[in-house]
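S.K.: Coordinates in coords09.cif, mmCIF, C-alpha atoms; chains and numbers go by the auth columns, are listed below.
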data_final
loop_
_atom_site.group_PDB
_atom_site.id
_atom_site.type_symbol
_atom_site.label_atom_id
_atom_site.label_comp_id
_atom_site.label_asym_id
_atom_site.label_seq_id
_atom_site.Cartn_x
_atom_site.Cartn_y
_atom_site.Cartn_z
_atom_site.B_iso_or_equiv
_atom_site.auth_seq_id
_atom_site.auth_asym_id
ATOM 1 C CA MET A 1 -29.175 2.475 -58.189 0.00 257 A
ATOM 2 C CA GLY A 2 -27.040 0.815 -60.829 0.00 258 A
ATOM 3 C CA GLU A 3 -24.188 0.295 -58.367 0.00 259 A
ATOM 4 C CA PHE A 4 -26.352 -1.633 -55.917 0.00 260 A
ATOM 5 C CA GLU A 5 -27.740 -3.828 -58.693 0.00 261 A
ATOM 6 C CA SER A 6 -24.183 -4.602 -59.812 0.00 262 A
ATOM 7 C CA VAL A 7 -23.287 -5.629 -56.265 0.00 263 A
ATOM 8 C CA ILE A 8 -26.281 -7.983 -56.124 0.00 264 A
ATOM 9 C CA LYS A 9 -25.216 -9.552 -59.448 0.00 265 A
ATOM 10 C CA CYS A 10 -21.700 -10.114 -58.076 0.00 266 A
ATOM 11 C CA VAL A 11 -23.076 -11.649 -54.874 0.00 267 A
ATOM 12 C CA LYS A 12 -25.249 -14.035 -56.896 0.00 268 A
ATOM 13 C CA VAL A 13 -22.267 -15.112 -59.011 0.00 269 A
ATOM 14 C CA LEU A 14 -20.134 -15.669 -55.913 0.00 270 A
ATOM 15 C CA ARG A 15 -22.891 -17.702 -54.277 0.00 271 A
ATOM 16 C CA GLU A 16 -23.187 -19.952 -57.310 0.00 272 A
ATOM 17 C CA GLY A 17 -19.545 -20.936 -56.869 0.00 273 A
ATOM 18 C CA ASP A 18 -17.965 -23.262 -54.323 0.00 274 A
ATOM 19 C CA ASN A 19 -19.730 -22.933 -50.952 0.00 275 A
ATOM 20 C CA GLU A 20 -16.561 -23.646 -48.978 0.00 276 A
ATOM 21 C CA ASP A 21 -14.875 -20.476 -50.207 0.00 277 A
ATOM 22 C CA ARG A 22 -17.661 -18.084 -49.194 0.00 278 A
ATOM 23 C CA HIS A 23 -16.329 -15.218 -47.182 0.00 279 A
ATOM 24 C CA PRO A 24 -18.383 -14.282 -44.086 0.00 280 A
ATOM 25 C CA SER A 25 -18.691 -10.714 -45.381 0.00 281 A
ATOM 26 C CA LEU A 26 -20.762 -11.791 -48.394 0.00 282 A
ATOM 27 C CA PRO A 27 -24.146 -11.554 -46.625 0.00 283 A
ATOM 28 C CA VAL A 28 -23.138 -8.176 -45.184 0.00 284 A
ATOM 29 C CA VAL A 29 -22.342 -6.826 -48.647 0.00 285 A
ATOM 30 C CA ALA A 30 -25.625 -8.241 -49.964 0.00 286 A
ATOM 31 C CA LEU A 31 -27.554 -6.729 -47.051 0.00 287 A
ATOM 32 C CA LYS A 32 -26.116 -3.267 -47.715 0.00 288 A
ATOM 33 C CA ALA A 33 -26.940 -3.526 -51.428 0.00 289 A
ATOM 34 C CA TRP A 34 -30.530 -4.640 -50.759 0.00 290 A
ATOM 35 C CA LEU A 35 -30.916 -1.748 -48.337 0.00 291 A
ATOM 36 C CA GLY A 36 -29.550 0.626 -50.980 0.00 292 A
ATOM 37 C CA LEU A 37 -32.210 -0.660 -53.375 0.00 293 A
ATOM 38 C CA ARG A 38 -34.833 -0.211 -50.610 0.00 294 A
ATOM 39 C CA ARG A 39 -35.752 -3.894 -50.908 0.00 295 A
ATOM 40 C CA PHE A 40 -36.221 -4.634 -47.246 0.00 296 A
ATOM 41 C CA ALA A 41 -37.623 -8.162 -47.602 0.00 297 A
ATOM 42 C CA GLU A 42 -34.405 -9.331 -49.285 0.00 298 A
ATOM 43 C CA ALA A 43 -32.304 -7.444 -46.750 0.00 299 A
ATOM 44 C CA GLU A 44 -34.247 -9.145 -43.962 0.00 300 A
ATOM 45 C CA LYS A 45 -33.485 -12.563 -45.483 0.00 301 A
ATOM 46 C CA GLU A 46 -29.777 -11.736 -45.469 0.00 302 A
ATOM 47 C CA LEU A 47 -29.969 -10.562 -41.874 0.00 303 A
ATOM 48 C CA ARG A 48 -31.765 -13.712 -40.763 0.00 304 A
ATOM 49 C CA GLY A 49 -29.261 -15.836 -42.667 0.00 305 A
ATOM 50 C CA MET A 50 -26.480 -14.278 -40.625 0.00 306 A
ATOM 51 C CA VAL A 51 -27.928 -15.886 -37.493 0.00 307 A
ATOM 52 C CA VAL A 52 -26.584 -19.294 -38.520 0.00 308 A
ATOM 53 C CA ASN A 53 -23.302 -18.002 -39.941 0.00 309 A
ATOM 54 C CA LYS A 54 -20.823 -18.445 -37.085 0.00 310 A
ATOM 55 C CA GLY A 55 -18.063 -16.794 -39.110 0.00 311 A
ATOM 56 C CA ILE A 56 -19.546 -13.327 -38.700 0.00 312 A
ATOM 57 C CA PRO A 57 -18.130 -11.465 -35.680 0.00 313 A
ATOM 58 C CA GLU A 58 -20.541 -9.892 -33.213 0.00 314 A
ATOM 59 C CA SER A 59 -19.423 -6.365 -34.083 0.00 315 A
ATOM 60 C CA VAL A 60 -20.344 -6.949 -37.726 0.00 316 A
ATOM 61 C CA TRP A 61 -23.680 -8.346 -36.576 0.00 317 A
ATOM 62 C CA VAL A 62 -24.481 -5.276 -34.549 0.00 318 A
ATOM 63 C CA SER A 63 -23.462 -3.000 -37.411 0.00 319 A
ATOM 64 C CA SER A 64 -25.710 -4.933 -39.818 0.00 320 A
ATOM 65 C CA VAL A 65 -28.690 -4.764 -37.469 0.00 321 A
ATOM 66 C CA GLU A 66 -28.118 -1.021 -37.040 0.00 322 A
ATOM 67 C CA ALA A 67 -27.895 -0.491 -40.811 0.00 323 A
ATOM 68 C CA TYR A 68 -31.107 -2.444 -41.334 0.00 324 A
ATOM 69 C CA PHE A 69 -32.898 -0.510 -38.608 0.00 325 A
ATOM 70 C CA GLN A 70 -31.741 2.859 -39.950 0.00 326 A
ATOM 71 C CA ALA A 71 -32.819 2.027 -43.497 0.00 327 A
ATOM 72 C CA ALA A 72 -36.099 0.281 -42.686 0.00 328 A
ATOM 73 C CA GLY A 73 -37.089 2.632 -39.859 0.00 329 A
ATOM 74 C CA THR A 74 -39.889 1.607 -37.557 0.00 330 A
ATOM 75 C CA ALA A 75 -41.162 -0.893 -40.144 0.00 331 A
ATOM 76 C CA GLY A 76 -38.043 -2.960 -39.488 0.00 332 A
ATOM 77 C CA ALA A 77 -38.069 -2.660 -35.715 0.00 333 A
ATOM 78 C CA GLU A 78 -39.631 -6.068 -35.062 0.00 334 A
ATOM 79 C CA THR A 79 -37.249 -7.831 -37.450 0.00 335 A
ATOM 80 C CA ALA A 80 -34.236 -6.068 -35.954 0.00 336 A
ATOM 81 C CA LYS A 81 -35.345 -7.068 -32.452 0.00 337 A
ATOM 82 C CA GLU A 82 -35.888 -10.721 -33.436 0.00 338 A
ATOM 83 C CA VAL A 83 -32.574 -10.975 -35.255 0.00 339 A
ATOM 84 C CA PHE A 84 -30.665 -9.281 -32.454 0.00 340 A
ATOM 85 C CA LEU A 85 -32.215 -11.635 -29.881 0.00 341 A
ATOM 86 C CA GLY A 86 -31.379 -14.590 -32.134 0.00 342 A
ATOM 87 C CA LEU A 87 -27.788 -13.405 -32.250 0.00 343 A
ATOM 88 C CA PHE A 88 -27.592 -12.992 -28.502 0.00 344 A
ATOM 89 C CA ILE A 89 -29.096 -16.387 -27.724 0.00 345 A
ATOM 90 C CA SER A 90 -27.187 -18.413 -30.317 0.00 346 A
ATOM 91 C CA ARG A 91 -23.848 -16.749 -29.677 0.00 347 A
ATOM 92 C CA SER A 92 -24.120 -16.755 -25.880 0.00 348 A
ATOM 93 C CA HIS A 93 -24.740 -20.512 -25.825 0.00 349 A
ATOM 94 C CA ARG A 94 -21.672 -21.024 -27.975 0.00 350 A
ATOM 95 C CA HIS A 95 -19.371 -19.114 -25.606 0.00 351 A
ATOM 96 C CA GLN A 96 -20.429 -20.696 -22.320 0.00 352 A
ATOM 97 C CA ASP A 97 -17.980 -22.930 -20.513 0.00 353 A
ATOM 98 C CA PRO A 98 -19.294 -26.466 -20.000 0.00 354 A
ATOM 99 C CA GLU A 99 -18.159 -26.435 -16.360 0.00 355 A
ATOM 100 C CA PRO A 100 -17.462 -23.441 -14.178 0.00 356 A
ATOM 101 C CA VAL A 101 -13.822 -23.157 -13.164 0.00 357 A
ATOM 102 C CA ASP A 102 -12.919 -22.453 -9.575 0.00 358 A
ATOM 103 C CA ARG A 103 -10.186 -19.853 -9.974 0.00 359 A
ATOM 104 C CA PHE A 104 -9.092 -20.269 -6.373 0.00 360 A
ATOM 105 C CA GLN A 105 -8.710 -24.027 -6.514 0.00 361 A
ATOM 106 C CA ARG A 106 -5.211 -25.211 -5.660 0.00 362 A
ATOM 107 C CA CYS A 107 -3.504 -27.917 -7.660 0.00 363 A
#
Could you quickly redo this structure as structure tokens?
M.R.:
Amino acid sequence: MGEFESVIKCVKVLREGDNEDRHPSLPVVALKAWLGLRRFAEAEKELRGMVVNKGIPESVWVSSVEAYFQAAGTAGAETAKEVFLGLFISRSHRHQDPEPVDRFQRC
């Protein structure tokens, strides 16, 4: 477990630094380390924090939810469902076109 604790220490140091230079993968790394330590409450916080981080691609999101679900088992099912729905809703609103485009409209 020493490796996971070292990762958490590194994440904490990086988070204390300049917020503008935070890489989107930082919460993913933290999530995996918390899961490795079997500290699901902290892992859940990381997962929920990813909802507002628009820099994390959807594929990374899905992978993180899967990793959480596999590690937490049925105890994490409700959290995984809520986070996944949060992802779907927040990201789908972001990608919608303000006005539908008529593709057959002539100029």
S.K.: Of the candidates A:Ala328, A:Glu259, A:Leu341, A:Ile264, which shows the shortest atom-to-atom distance to Ala297 of chain A, using only C-alpha atoms?
M.R.: A:Ala328
S.K.: To one decimal in Å, tell me the separation between atom CA of Ser281 of chain A and atom CA of Tyr324 of chain A.
M.R.: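 We find that atom CA of Ser281 of chain A and atom CA of Tyr324 of chain A lie 15.5 Å from each other.
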S.K.: Evaluate the PyMOL selection byres ((chain A and resi 284) around 9) on the structure here and hand back the selected residues as a PDB file with C-alpha atoms, in the coordinates of the input.
M.R.:
ATOM      1  CA  PRO A 280     -18.383 -14.282 -44.086  1.00  0.00           C
ATOM      2  CA  SER A 281     -18.691 -10.714 -45.381  1.00  0.00           C
ATOM      3  CA  LEU A 282     -20.762 -11.791 -48.394  1.00  0.00           C
ATOM      4  CA  PRO A 283     -24.146 -11.554 -46.625  1.00  0.00           C
ATOM      5  CA  VAL A 285     -22.342  -6.826 -48.647  1.00  0.00           C
ATOM      6  CA  ALA A 286     -25.625  -8.241 -49.964  1.00  0.00           C
ATOM      7  CA  LEU A 287     -27.554  -6.729 -47.051  1.00  0.00           C
ATOM      8  CA  LYS A 288     -26.116  -3.267 -47.715  1.00  0.00           C
ATOM      9  CA  ALA A 289     -26.940  -3.526 -51.428  1.00  0.00           C
ATOM     10  CA  GLU A 302     -29.777 -11.736 -45.469  1.00  0.00           C
ATOM     11  CA  LEU A 303     -29.969 -10.562 -41.874  1.00  0.00           C
ATOM     12  CA  MET A 306     -26.480 -14.278 -40.625  1.00  0.00           C
ATOM     13  CA  VAL A 316     -20.344  -6.949 -37.726  1.00  0.00           C
ATOM     14  CA  TRP A 317     -23.680  -8.346 -36.576  1.00  0.00           C
ATOM     15  CA  SER A 320     -25.710  -4.933 -39.818  1.00  0.00           C
TER      16      SER A 320
END
S.K.: In Å, rounded to a single decimal, give me how far atom CA of Arg294 of chain A is from atom CA of Pro313 of chain A.
M.R.: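 Between these atoms lies a distance of 25.1 Å.
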S.K.: For Phe260 of chain A, find every residue with an atom within 8 Å (counting all atoms listed in the file), except residues of its own chain fewer than 5 positions away, and show them as a list in words.
M.R.: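 That gives Ala289, Trp290, Gly292 and Leu293 of chain A.
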S.K.: Quick one, how far is atom CA of Gly329 of chain A from atom CA of Lys301 of chain A?
M.R.: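 Calculated distance between atom CA of Gly329 of chain A and atom CA of Lys301 of chain A is 16.6 Å.
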S.K.: Under the rule that only C-alpha atoms are counted, which of A:Val269, A:Val308, A:Val263, A:Ala323 is the nearest residue to Ile345 of chain A?
M.R.: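 Distance minimum relative to Ile345 of chain A lands on A:Val308.
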S.K.: Point out the residue among A:His279, A:Cys266, A:Phe325, A:Lys310 with the least atom-to-atom distance to Glu338 of chain A, counting all atoms listed in the file.
M.R.: A:Phe325
S.K.: I need the residue nearest Ala327 of chain A from this list: A:Leu291, A:Ala299, A:Ile312, A:Gly305. Use all atoms listed in the file for the distance.
M.R.: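 Checking each of A:Leu291, A:Ala299, A:Ile312, A:Gly305 against Ala327 of chain A, counting all atoms listed in the file, the winner is A:Leu291.
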